[in-house]
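Shown next: query-v9.cif, given as mmCIF, C-alpha atoms.
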data_query
loop_
_atom_site.label_atom_id
_atom_site.label_comp_id
_atom_site.auth_asym_id
_atom_site.auth_seq_id
_atom_site.Cartn_x
_atom_site.Cartn_y
_atom_site.Cartn_z
CA MET A 1 -15.44 11.56 -8.99
CA LEU A 2 -12.37 9.34 -8.98
CA THR A 3 -13.51 6.25 -7.09
CA ASP A 4 -11.91 2.83 -7.42
CA ARG A 5 -13.33 -0.69 -7.11
CA PHE A 6 -12.79 -0.60 -3.35
CA ALA A 7 -14.85 2.58 -2.81
CA ARG A 8 -11.75 4.69 -2.15
CA ARG A 9 -12.10 8.32 -3.31
CA PHE A 10 -9.06 10.16 -4.61
CA THR A 11 -8.85 13.81 -3.61
CA TYR A 12 -5.05 14.23 -3.48
CA LEU A 13 -2.62 14.43 -6.41
CA ARG A 14 1.16 14.25 -6.03
CA LEU A 15 2.67 15.83 -9.14
CA SER A 16 6.39 15.40 -9.81
CA LEU A 17 7.84 18.37 -11.71
CA THR A 18 11.29 16.90 -12.39
CA GLU A 19 13.43 13.85 -11.68
CA THR A 20 16.50 16.09 -11.35
CA CYS A 21 17.92 16.65 -7.87
CA ASN A 22 20.99 18.48 -6.60
CA PHE A 23 21.31 16.38 -3.43
CA ARG A 24 22.71 12.84 -3.32
CA CYS A 25 20.60 11.23 -0.62
CA THR A 26 21.76 7.72 0.15
CA TYR A 27 18.22 6.33 0.16
CA CYS A 28 17.14 7.92 -3.11
CA LEU A 29 19.83 9.08 -5.55
CA PRO A 30 23.28 8.38 -4.07
CA ASP A 31 24.91 9.14 -7.43
CA GLY A 32 22.86 12.29 -7.96
CA ASN A 33 20.54 12.88 -10.89
CA ASP A 34 21.16 15.60 -13.41
CA CYS A 35 18.36 14.14 -15.47
CA ALA A 36 18.58 14.19 -19.25
CA SER A 37 14.80 14.63 -19.51
CA HIS A 38 14.63 18.41 -18.89
CA ASP A 39 13.30 19.08 -22.36
CA THR A 40 10.58 16.45 -22.03
CA GLU A 41 9.21 17.45 -18.63
CA LEU A 42 5.57 18.51 -18.52
CA THR A 43 5.08 22.10 -19.65
CA THR A 44 3.05 24.62 -17.68
CA ALA A 45 0.25 24.35 -20.26
CA GLU A 46 0.15 20.58 -19.87
CA ILE A 47 0.21 20.90 -16.09
CA GLN A 48 -2.67 23.36 -16.20
CA ARG A 49 -4.80 20.94 -18.25
CA LEU A 50 -3.86 18.06 -15.97
CA VAL A 51 -4.69 19.91 -12.75
CA ARG A 52 -7.98 21.18 -14.17
CA ALA A 53 -9.06 17.65 -15.08
CA PHE A 54 -8.15 16.24 -11.67
CA ALA A 55 -9.99 19.11 -9.98
CA MET A 56 -13.09 18.40 -12.07
CA LEU A 57 -12.94 14.82 -10.75
CA GLY A 58 -12.81 15.85 -7.10
CA THR A 59 -9.12 16.46 -6.39
CA ARG A 60 -8.78 19.09 -3.67
CA LYS A 61 -5.07 18.98 -2.83
CA ILE A 62 -2.00 19.15 -5.08
CA ARG A 63 1.49 18.35 -3.79
CA LEU A 64 4.36 19.44 -6.04
CA THR A 65 7.39 17.18 -5.73
CA GLY A 66 10.53 16.12 -7.59
CA GLY A 67 13.37 15.21 -7.71
CA GLU A 68 13.82 18.74 -6.40
CA PRO A 69 10.94 20.90 -7.69
CA SER A 70 12.69 24.20 -6.92
CA LEU A 71 15.09 23.42 -9.79
CA ARG A 72 12.21 24.26 -12.15
CA HIS A 73 12.56 27.96 -12.99
CA ASP A 74 8.78 28.17 -13.44
CA LEU A 75 7.89 26.71 -10.03
CA SER A 76 6.14 29.88 -8.84
CA ASP A 77 4.04 29.94 -12.02
CA ILE A 78 3.05 26.31 -11.44
CA ILE A 79 2.09 27.01 -7.83
CA ARG A 80 -0.04 29.93 -9.00
CA LEU A 81 -1.87 28.03 -11.72
CA CYS A 82 -2.63 25.17 -9.33
CA LYS A 83 -3.93 27.54 -6.66
CA GLN A 84 -6.10 29.41 -9.17
CA THR A 85 -7.74 26.23 -10.50
CA ASP A 86 -11.38 25.94 -9.43
CA GLY A 87 -11.75 23.19 -6.84
CA ILE A 88 -8.15 23.09 -5.65
CA GLU A 89 -8.17 24.06 -1.99
CA GLN A 90 -4.57 23.37 -1.00
CA VAL A 91 -1.22 23.52 -2.80
CA ALA A 92 1.75 21.93 -1.04
CA LEU A 93 5.44 21.62 -1.89
CA THR A 94 8.06 19.05 -0.88
CA THR A 95 11.62 20.37 -1.13
CA ASN A 96 15.14 19.59 0.06
CA GLY A 97 15.37 23.20 1.23
CA PHE A 98 18.28 24.15 -1.02
CA ARG A 99 16.51 27.32 -2.25
CA ILE A 100 14.06 27.80 0.61
CA GLN A 101 15.40 31.07 2.02
CA LYS A 102 15.71 32.70 -1.39
CA ASP A 103 12.44 31.56 -2.94
CA LEU A 104 10.04 31.14 -0.01
CA PRO A 105 8.50 34.64 -0.33
CA LYS A 106 7.82 34.04 -4.06
CA TRP A 107 6.19 30.68 -3.33
CA LEU A 108 3.99 32.22 -0.67
CA GLU A 109 2.97 35.09 -2.94
CA ALA A 110 2.05 32.55 -5.64
CA GLY A 111 -0.36 30.85 -3.24
CA LEU A 112 1.58 28.02 -1.60
CA ASP A 113 -0.23 26.74 1.50
CA THR A 114 2.09 24.07 2.91
CA VAL A 115 5.81 23.39 2.68
CA ASN A 116 7.51 20.09 3.55
CA VAL A 117 11.27 20.18 4.01
CA SER A 118 13.44 17.05 4.07
CA VAL A 119 15.66 16.91 7.17
CA ASP A 120 16.98 13.43 7.86
CA SER A 121 19.21 14.45 10.76
CA LEU A 122 19.72 17.45 13.03
CA ASP A 123 23.41 16.62 13.29
CA PRO A 124 25.35 18.54 10.60
CA SER A 125 27.83 15.75 9.88
CA ALA A 126 25.11 13.08 9.65
CA PHE A 127 23.01 15.37 7.45
CA ALA A 128 25.95 15.82 5.10
CA ARG A 129 26.63 12.06 5.00
CA ILE A 130 23.01 11.27 4.17
CA THR A 131 22.39 14.04 1.62
CA GLY A 132 25.84 14.75 0.21
CA ALA A 133 25.23 18.44 1.02
CA ASP A 134 26.62 20.41 3.95
CA ARG A 135 23.52 22.61 4.14
CA LEU A 136 21.80 21.79 7.45
CA HIS A 137 22.26 25.22 9.02
CA TYR A 138 20.85 26.96 5.95
CA VAL A 139 17.89 24.55 5.72
CA LEU A 140 17.00 24.96 9.40
CA GLN A 141 17.14 28.73 9.05
CA GLY A 142 14.72 28.40 6.13
CA ILE A 143 12.34 26.33 8.25
CA ASP A 144 12.30 29.00 10.96
CA GLN A 145 11.73 31.59 8.22
CA ALA A 146 8.72 29.58 7.01
CA LEU A 147 7.33 29.35 10.55
CA ALA A 148 7.41 33.14 10.74
CA MET A 149 5.32 33.43 7.56
CA PRO A 150 1.58 32.78 7.12
CA PHE A 151 1.79 29.21 5.85
CA ARG A 152 -1.04 26.86 6.69
CA LYS A 153 1.45 24.17 7.70
CA VAL A 154 5.21 23.68 7.88
CA LYS A 155 6.40 20.07 7.95
CA ILE A 156 9.68 18.19 8.15
CA ASN A 157 10.21 14.83 6.45
CA SER A 158 12.80 12.48 7.91
CA VAL A 159 13.49 9.06 6.42
CA LEU A 160 14.26 6.45 9.09
CA LEU A 161 17.70 4.90 8.58
CA LYS A 162 18.94 2.28 11.03
CA GLN A 163 22.63 3.23 10.79
CA GLN A 164 22.17 7.01 10.59
CA ASN A 165 19.30 8.38 12.70
CA ALA A 166 17.86 5.46 14.67
CA THR A 167 18.57 7.23 17.97
CA ALA A 168 17.64 10.74 16.82
CA LEU A 169 14.16 10.94 18.39
CA PRO A 170 15.28 12.94 21.49
CA ALA A 171 16.99 15.57 19.32
CA PHE A 172 13.93 15.90 17.09
CA LEU A 173 11.65 16.17 20.14
CA ARG A 174 13.74 19.07 21.44
CA PHE A 175 13.50 20.70 18.02
CA ILE A 176 9.68 20.63 17.92
CA LYS A 177 9.22 21.49 21.59
CA ASP A 178 8.55 25.15 20.79
CA ARG A 179 8.10 25.03 17.03
CA PRO A 180 4.53 24.54 15.69
CA LEU A 181 5.45 22.21 12.88
CA SER A 182 4.77 18.61 11.99
CA LEU A 183 7.70 16.18 11.93
CA ARG A 184 7.10 13.12 9.72
CA PHE A 185 9.20 9.98 10.19
CA ILE A 186 9.03 7.93 7.00
CA GLU A 187 9.92 4.26 6.80
CA LEU A 188 12.46 3.47 4.13
CA MET A 189 10.71 1.75 1.21
CA ARG A 190 12.18 -0.82 -1.11
CA THR A 191 12.40 0.14 -4.78
CA GLY A 192 13.80 -1.58 -7.84
CA ASP A 193 17.39 -0.50 -7.23
CA ASN A 194 17.90 -0.35 -3.45
CA GLY A 195 17.52 -3.96 -2.22
CA ASP A 196 20.84 -4.22 -0.35
CA PHE A 197 20.54 -0.73 1.10
CA PHE A 198 16.98 -1.45 2.24
CA ASN A 199 18.05 -4.63 4.04
CA GLN A 200 20.81 -2.73 5.87
CA GLN A 201 18.86 0.40 6.78
CA HIS A 202 15.15 -0.35 7.13
CA LEU A 203 13.76 0.63 10.51
CA SER A 204 10.13 0.17 11.54
CA GLY A 205 8.22 3.25 12.61
CA GLU A 206 6.26 1.06 15.01
CA LEU A 207 9.13 1.37 17.51
CA ILE A 208 8.67 5.14 17.56
CA ARG A 209 4.89 4.85 17.74
CA GLN A 210 5.07 2.65 20.84
CA GLN A 211 7.49 5.08 22.50
CA LEU A 212 5.20 8.02 21.76
CA LEU A 213 2.21 6.25 23.30
CA VAL A 214 4.21 5.41 26.42
CA ASP A 215 5.23 9.07 26.69
CA GLY A 216 1.67 10.40 26.51
CA TRP A 217 1.28 11.31 22.85
CA SER A 218 -2.23 10.96 21.35
CA GLN A 219 -3.23 10.19 17.76
CA CYS A 220 -4.94 13.04 15.89
CA LEU A 221 -7.91 12.79 13.55
CA LYS A 222 -7.21 12.98 9.80
CA SER A 223 -8.99 15.14 7.25
CA VAL A 224 -10.13 13.75 3.89
CA THR A 225 -7.19 15.32 2.02
CA ASP A 226 -4.47 14.31 4.49
CA GLY A 227 -1.74 11.98 3.33
CA PRO A 228 -0.80 8.61 4.84
CA ALA A 229 0.82 9.88 8.04
CA LEU A 230 -0.57 8.94 11.44
CA GLU A 231 -0.08 12.15 13.41
CA TYR A 232 0.39 12.45 17.16
CA SER A 233 0.23 15.44 19.51
CA HIS A 234 1.29 16.11 23.10
CA PRO A 235 0.12 18.96 25.39
CA ASP A 236 3.72 19.86 26.26
CA TYR A 237 4.86 20.25 22.64
CA ALA A 238 4.06 22.96 20.08
CA GLY A 239 4.88 20.53 17.26
CA ARG A 240 3.41 17.21 16.21
CA ILE A 241 4.92 13.92 15.08
CA GLY A 242 3.70 11.94 12.10
CA LEU A 243 4.56 8.38 11.13
CA ILE A 244 4.37 7.04 7.58
CA MET A 245 4.60 3.27 7.84
CA PRO A 246 3.88 1.61 4.48
CA TYR A 247 4.65 -1.86 5.88
CA SER A 248 1.94 -1.59 8.54
CA LYS A 249 -1.32 -3.53 8.38
CA ASP A 250 -4.08 -1.90 6.31
CA PHE A 251 -1.81 0.95 5.18
CA CYS A 252 -3.58 1.07 1.80
CA ALA A 253 -7.13 0.82 3.12
CA ASP A 254 -7.74 4.59 3.12
CA CYS A 255 -5.53 5.54 0.19
CA ASN A 256 -6.70 8.84 -1.31
CA ARG A 257 -3.78 9.85 -3.54
CA LEU A 258 -2.54 9.36 -7.07
CA ARG A 259 0.77 10.31 -8.65
CA VAL A 260 1.76 11.75 -12.00
CA SER A 261 5.41 11.81 -13.01
CA SER A 262 7.25 14.73 -14.60
CA LEU A 263 6.95 12.92 -17.93
CA GLY A 264 3.19 12.49 -17.70
CA GLN A 265 2.88 8.92 -16.43
CA LEU A 266 0.03 8.06 -14.09
CA PHE A 267 1.12 6.02 -11.07
CA LEU A 268 -1.94 4.35 -9.57
CA CYS A 269 0.40 3.19 -6.81
CA LEU A 270 3.97 4.08 -5.92
CA PHE A 271 4.81 0.39 -6.36
CA ALA A 272 2.63 -0.60 -9.30
CA ASP A 273 4.19 -2.88 -11.88
CA GLN A 274 3.05 -0.79 -14.83
CA HIS A 275 2.42 2.92 -15.33
CA GLN A 276 0.31 4.52 -18.03
CA SER A 277 1.16 7.65 -19.98
CA LEU A 278 -1.58 10.27 -20.17
CA ARG A 279 0.49 12.92 -21.88
CA HIS A 280 -1.19 12.49 -25.24
CA LEU A 281 -4.39 13.66 -23.58
CA LEU A 282 -2.81 16.94 -22.43
CA GLN A 283 -2.38 18.39 -25.91
CA ASP A 284 -5.94 19.64 -26.26
CA ASP A 285 -8.02 22.05 -24.16
CA ASP A 286 -11.01 19.70 -24.23
CA PRO A 287 -10.87 17.91 -20.83
CA GLN A 288 -13.44 15.22 -21.61
CA PRO A 289 -11.10 12.56 -23.10
CA LEU A 290 -8.77 12.88 -20.09
CA LEU A 291 -11.67 12.75 -17.63
CA HIS A 292 -12.97 9.55 -19.20
CA TRP A 293 -9.47 8.04 -19.35
CA LEU A 294 -8.82 8.74 -15.65
CA GLN A 295 -12.16 7.30 -14.59
CA GLN A 296 -11.36 4.10 -16.45
CA ALA A 297 -7.74 3.94 -15.29
CA ILE A 298 -8.64 4.18 -11.61
CA LEU A 299 -10.56 0.91 -11.90
CA GLY A 300 -7.22 -0.85 -12.35
CA LYS A 301 -5.87 0.19 -8.95
CA GLU A 302 -5.14 -2.77 -6.69
CA ALA A 303 -6.22 -3.13 -3.08
CA SER A 304 -2.66 -3.13 -1.72
CA HIS A 305 0.93 -2.42 -2.74
CA GLN A 306 2.11 -5.89 -1.56
CA LEU A 307 5.33 -4.50 -0.09
CA GLN A 308 5.10 -7.04 2.71
CA GLN A 309 5.63 -9.78 0.13
CA GLY A 310 8.78 -8.08 -1.20
CA PHE A 311 7.07 -6.66 -4.28
CA SER A 312 8.44 -3.24 -5.28
CA GLY A 313 6.94 -2.88 -8.75
CA SER A 314 8.77 -1.08 -11.55
CA THR A 315 9.67 2.06 -9.60
CA ARG A 316 13.45 2.43 -10.01
CA HIS A 317 14.04 5.19 -7.47
CA LEU A 318 11.93 7.58 -5.43
CA ALA A 319 12.85 10.62 -7.54
CA MET A 320 10.72 9.17 -10.35
CA ILE A 321 7.55 10.19 -8.55
CA GLY A 322 8.48 12.35 -5.63
CA GLY A 323 8.88 9.78 -2.91
#
Now, as a test, write the supplied structure out as structure tokens.
Amino acid sequence: MLTDRFARRFTYLRLSLTETCNFRCTYCLPDGNDCASHDTELTTAEIQRLVRAFAMLGTRKIRLTGGEPSLRHDLSDIIRLCKQTDGIEQVALTTNGFRIQKDLPKWLEAGLDTVNVSVDSLDPSAFARITGADRLHYVLQGIDQALAMPFRKVKINSVLLKQQNATALPAFLRFIKDRPLSLRFIELMRTGDNGDFFNQQHLSGELIRQQLLVDGWSQCLKSVTDGPALEYSHPDYAGRIGLIMPYSKDFCADCNRLRVSSLGQLFLCLFADQHQSLRHLLQDDDPQPLLHWLQQAILGKEASHQLQQGFSGSTRHLAMIGG
């Protein structure tokens, strides 16, 4: 099993398939990213070896991220190979929704269990300002399409931005009133290249949490493969609300996830100062060297990300490792 020095077990892998993205989100890639590394992204054979090794060490959930993972022409093949790997119980996808209506049936047929769609505002003009794409109507139609299909879960990710969506909670509550989906509010995180933007836009999720408690929302129990969100439910709402608050006390205490970039770098933490390449271990079908390497590497994971002290590590932007 993958267990670190602090007795945390790692059952959840976030695998970035590409750094390329076709949106220009202000908090991630405001100048876009038509990445020059297409030819050096992990191949399907390398991904298969990687996923098999993680599964052998107790990983039960794989989340495929980007950049924008749907820009990989072989996304459905990757979903399928993950789902068919012994030990993997859940395959999830995080997407900006650009191709959701066209490709959703293929993803479901390949075995996708959960889809997360980024929606930072329900106002079309604000959505376009934040993402650089006038696609809100299309994305929302795709979400309703997903809700009509047999997915295990449909989720929305919304990054909290003080000057863009700080007052958007009522609109989002109306949206989930009759839709059985999970809405995740994510605190903006500081990275190596967004210091000024972070200082202007950071908004604490604690403000929303306090409002939810006042309004009768109750915190839900988490399963062992759930991510970092604290999820809340209300008897009058079909949907739930989740809060991802990396600046909160003890955020890292129950960490259960690791990240691998599209170039084969292991991120023990989103904000670690150094990242180790494991790609050389993906060139052979023998999993034992990679298993041993991972078991040793996990011992270097720190107790906390130290974001509260202003430390953002060497992560340049969130598209490096899927946010």
Pick from A:Ile100, A:Ala7, A:Leu270, A:Cys28: nearest to A:Phe198, with all atoms listed in the file counted? A:Cys28
Starting from the displayed file, determine the output of the PyMOL selection byres ((chain A and resi 170-179) around 12) and express the residue list as a PyMOL selection string. chain A and resi 119-123+140+143-148+153-158+165-169+180-185+208+211-212+215+217+233-241
Go through A:Pro30, A:Tyr12, A:Thr40, A:Thr114 one by one, measure the shortest atom-to-atom distance of each to A:Ile88 using all atoms listed in the file, and give the residue with the smallest value. A:Tyr12
Would you place a box with edges along x, y and z of the file around all atoms of stretch 171-183 of chain A listed there, add 5 Å to each of its six sides, and report the centre and edge lengths in Å to one decimal, as lines of an AutoDock Vina configuration file?
center_x = 10.8
center_y = 20.4
center_z = 16.8
size_x = 22.5
size_y = 19.6
size_z = 19.7
Give me the result of the PyMOL selection byres ((chain A and resi 297-304) around 7) on this file, residue by residue, as JSON, numbers by chain. {"A": [2, 3, 4, 5, 252, 268, 293, 294, 295, 296, 305, 306]}
Could you write out as a VMD selection string the residues that the PyMOL selection byres ((chain A and resi 257-265) around 7) matches in the shown file? chain A and resid 10 to 19 40 to 42 255 to 256 266 to 269 275 to 279 320 to 321
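For the pair atom CA of A:Gly242 and atom CA of A:Leu230, the separation is 5.3 Å.
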Could you work out how far atom CA of A:Cys25 lies from atom CA of A:Phe251, giving the answer in Å with one decimal? 25.3 Å
Best match for closeness to A:Gly87 among A:Leu136, A:Leu282, A:Leu108, A:Leu57, counting only C-alpha atoms: A:Leu57
Please, what distance in Å, to one decimal, runs between atom CA of A:Arg99 and atom CA of A:Arg60?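 Between atom CA of A:Arg99 and atom CA of A:Arg60 the gap works out to 26.6 Å.
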If we count only C-alpha atoms and set the cut-off at 12 Å, which residues sit around A:Lys102, ignoring sequence neighbours fewer than 5 positions away in its own chain? Please answer as a ChimeraX atom specification. /A:70,97,107-108,138-139,141-142,145-146
Suppose we keep C-alpha atoms; can you now write the selection as a compact mmCIF listing (two decimals), keeping the file's coordinate frame?
# COMPACT_ATOMS: atom_id res chain seq x y z
CA SER A 70 12.69 24.20 -6.92
CA GLY A 97 15.37 23.20 1.23
CA TRP A 107 6.19 30.68 -3.33
CA LEU A 108 3.99 32.22 -0.67
CA TYR A 138 20.85 26.96 5.95
CA VAL A 139 17.89 24.55 5.72
CA GLN A 141 17.14 28.73 9.05
CA GLY A 142 14.72 28.40 6.13
CA GLN A 145 11.73 31.59 8.22
CA ALA A 146 8.72 29.58 7.01
Sorted per-residue table, stretch 22-106 of chain A near stretch 286-291 of chain A, closest atoms and distance, 8 Å, all atoms listed in the file, as a Markdown table:
| residue | atom | partner | partner_atom | distance |
| --- | --- | --- | --- | --- |
| A:Arg49 | CA | A:Pro287 | CA | 7.3 |
| A:Arg52 | CA | A:Pro287 | CA | 8.0 |
| A:Ala53 | CA | A:Pro287 | CA | 6.0 |
| A:Phe54 | CA | A:Leu291 | CA | 7.8 |
| A:Leu57 | CA | A:Leu291 | CA | 7.3 |
Given only C-alpha atoms as the basis, pick out the residue of A:Gly195, A:Gly67, A:Pro105, A:Pro246 nearest to A:Met149. A:Pro105
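Of the listed residues A:Arg63, A:Arg8, A:Arg135, A:Lys106, the one whose atoms come nearest to A:Asn22 is A:Arg135, with distances taken using all atoms listed in the file.
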Proximity to A:Ala92 - best of A:Gln283, A:Thr44, A:Gln201, A:Asn116, all atoms listed in the file: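 That would be A:Asn116, the residue with the smallest distance to A:Ala92.
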